[in-house]
Amino acid sequence: MSDLKLNKVAEADFPSRFGHFRIYGFEGVRPSETEEAVVLKMGDLSPEAGAVLVRIHSQCLTGDVFHSLRCDCRSQLELALDQITAEQRGLLIYEHQEGRGIGLLNKLRAYELQDGGLDTVEANVKLGFDADCRDYALPAKILQYFGVREVRLLSNNPDKVAALESAGVRVVERAPIIAPPLATTTEYLRTKREKMGHLF
């Protein structure tokens, strides 16, 4: 994470149907690449107010925008925003890491392979990628930017917990974020649990 430089590029008022946020744009710059993230902030994040409710969400155009029923991404996003709004305090970090980091068009190629019988992990590997290509150095830097030292992390993914802890951000609670399974997501969720170690 030491080679990642964080730049804040924009900040604005952001009313939404979930609640009233402040929206930020960040760049994480490395010598070889630049990664982008958008952050929705609500309430007082000072340490005196306690551990901050945080969701690190990877962009999913198909789910978040087109309401895909192949995944639970949109449901998780909405559950996180609802919980942050209910507490009137928290951060949603929206990372540009489509398809577990393989990119949008490769994700669609993975869909095609899944239609042929592969699961999400097998499809990524068949395309020449790791099962999950994401890293969470940028969210850790963003939390440090806001002075957040302790979080209650809305996640089923133990890799996110480990990444934040290794960056010096204490995860005082991993709060499950579970959408009711559908017939179209059952195998997807089983693969997350059995092959990726997600906690349900």
# chains A, B, ... in the order shown; residues from 1 in each chain; ligands from 1
>>> closest_atom_pairs(of="stretch 90-114 of chain A", to="stretch 36-56 of chain A", cutoff="7 Å", atoms="only C-alpha atoms", output="CSV")
residue,atom,partner,partner_atom,distance
A:Gly90,CA,A:Leu53,CA,4.7
A:Leu91,CA,A:Lys41,CA,4.7
A:Leu92,CA,A:Arg55,CA,4.8
A:Ile93,CA,A:Val39,CA,4.6
A:Tyr94,CA,A:Val38,CA,5.1
A:Glu95,CA,A:Ala37,CA,4.6
A:His96,CA,A:Glu36,CA,5.8
>>> residues_around(residues="A:Pro180", least_positions_apart="2", cutoff="12 Å", atoms="only C-alpha atoms", output="PyMOL selection string")
chain A and resi 69+71-73+75-76+79+177-178+182-186+189+200
>>> residues_around(residues="A:Phe129", least_positions_apart="4", cutoff="12 Å", atoms="only C-alpha atoms", output="PyMOL selection string")
chain A and resi 99-103+106-107+110+120-125+133-134
>>> write_last_selection(atoms="N, CA and C atoms", output="PDB file, in the first residue's frame")
ATOM      1  N   GLY A  99     -16.578  -6.742 -11.656  1.00  0.00           N
ATOM      2  CA  GLY A  99     -16.327  -8.166 -11.894  1.00  0.00           C
ATOM      3  C   GLY A  99     -15.201  -8.733 -11.060  1.00  0.00           C
ATOM      4  N   ARG A 100     -15.162  -8.338  -9.762  1.00  0.00           N
ATOM      5  CA  ARG A 100     -14.054  -8.743  -8.878  1.00  0.00           C
ATOM      6  C   ARG A 100     -12.706  -8.340  -9.448  1.00  0.00           C
ATOM      7  N   GLY A 101     -12.718  -7.196 -10.163  1.00  0.00           N
ATOM      8  CA  GLY A 101     -11.464  -6.620 -10.634  1.00  0.00           C
ATOM      9  C   GLY A 101     -11.062  -6.974 -12.047  1.00  0.00           C
ATOM     10  N   ILE A 102     -11.893  -7.743 -12.779  1.00  0.00           N
ATOM     11  CA  ILE A 102     -11.487  -8.134 -14.139  1.00  0.00           C
ATOM     12  C   ILE A 102     -12.024  -7.179 -15.202  1.00  0.00           C
ATOM     13  N   GLY A 103     -12.916  -6.269 -14.838  1.00  0.00           N
ATOM     14  CA  GLY A 103     -13.456  -5.302 -15.787  1.00  0.00           C
ATOM     15  C   GLY A 103     -14.791  -5.757 -16.372  1.00  0.00           C
ATOM     16  N   ASN A 106     -14.810  -8.266 -19.550  1.00  0.00           N
ATOM     17  CA  ASN A 106     -14.393  -9.601 -19.117  1.00  0.00           C
ATOM     18  C   ASN A 106     -15.448 -10.243 -18.223  1.00  0.00           C
ATOM     19  N   LYS A 107     -16.165  -9.427 -17.457  1.00  0.00           N
ATOM     20  CA  LYS A 107     -17.247  -9.988 -16.649  1.00  0.00           C
ATOM     21  C   LYS A 107     -18.338 -10.566 -17.552  1.00  0.00           C
ATOM     22  N   ALA A 110     -17.214 -13.769 -18.705  1.00  0.00           N
ATOM     23  CA  ALA A 110     -17.399 -14.745 -17.629  1.00  0.00           C
ATOM     24  C   ALA A 110     -18.857 -15.190 -17.545  1.00  0.00           C
ATOM     25  N   THR A 120     -18.635 -18.825 -10.968  1.00  0.00           N
ATOM     26  CA  THR A 120     -17.965 -17.523 -11.128  1.00  0.00           C
ATOM     27  C   THR A 120     -16.455 -17.633 -10.965  1.00  0.00           C
ATOM     28  N   VAL A 121     -16.003 -18.478 -10.072  1.00  0.00           N
ATOM     29  CA  VAL A 121     -14.563 -18.665  -9.870  1.00  0.00           C
ATOM     30  C   VAL A 121     -13.955 -19.372 -11.078  1.00  0.00           C
ATOM     31  N   GLU A 122     -14.573 -20.454 -11.509  1.00  0.00           N
ATOM     32  CA  GLU A 122     -14.056 -21.207 -12.659  1.00  0.00           C
ATOM     33  C   GLU A 122     -14.011 -20.340 -13.916  1.00  0.00           C
ATOM     34  N   ALA A 123     -15.023 -19.502 -14.093  1.00  0.00           N
ATOM     35  CA  ALA A 123     -15.060 -18.642 -15.278  1.00  0.00           C
ATOM     36  C   ALA A 123     -13.914 -17.639 -15.274  1.00  0.00           C
ATOM     37  N   ASN A 124     -13.652 -16.999 -14.115  1.00  0.00           N
ATOM     38  CA  ASN A 124     -12.538 -16.054 -14.032  1.00  0.00           C
ATOM     39  C   ASN A 124     -11.203 -16.743 -14.336  1.00  0.00           C
ATOM     40  N   VAL A 125     -11.023 -17.916 -13.769  1.00  0.00           N
ATOM     41  CA  VAL A 125      -9.776 -18.659 -13.978  1.00  0.00           C
ATOM     42  C   VAL A 125      -9.638 -19.074 -15.444  1.00  0.00           C
ATOM     43  N   CYS A 133      -9.527 -10.506  -8.244  1.00  0.00           N
ATOM     44  CA  CYS A 133      -8.356  -9.680  -8.554  1.00  0.00           C
ATOM     45  C   CYS A 133      -8.339  -8.362  -7.777  1.00  0.00           C
ATOM     46  N   ARG A 134      -9.258  -8.174  -6.862  1.00  0.00           N
ATOM     47  CA  ARG A 134      -9.348  -6.895  -6.171  1.00  0.00           C
ATOM     48  C   ARG A 134      -8.297  -6.766  -5.072  1.00  0.00           C
TER      49      ARG A 134
END
>>> atom_distance(atom1="atom CA of A:Asp13", atom2="atom CA of A:Asp135")
28.5 Å
>>> closest_residue(among="A:Gly128, A:Leu77, A:Glu33, A:Ala163", to="A:Gln59", atoms="only C-alpha atoms")
A:Leu77
>>> select_by_dssp(residues="stretch 68-133 of chain A", states="helix (DSSP H, G or I)", output="VMD selection string")
chain A and resid 73 to 87 98 to 101 104 to 115 120 to 126
>>> closest_residue(among="A:Ser16, A:Asn156, A:Thr191, A:Ser166", to="A:Glu78", atoms="only C-alpha atoms")
A:Ser16
>>> atom_distance(atom1="atom CA of A:His198", atom2="atom CA of A:Ile142")
23.6 Å
>>> atom_distance(atom1="atom CA of A:Leu81", atom2="atom CA of A:Leu154")
10.3 Å
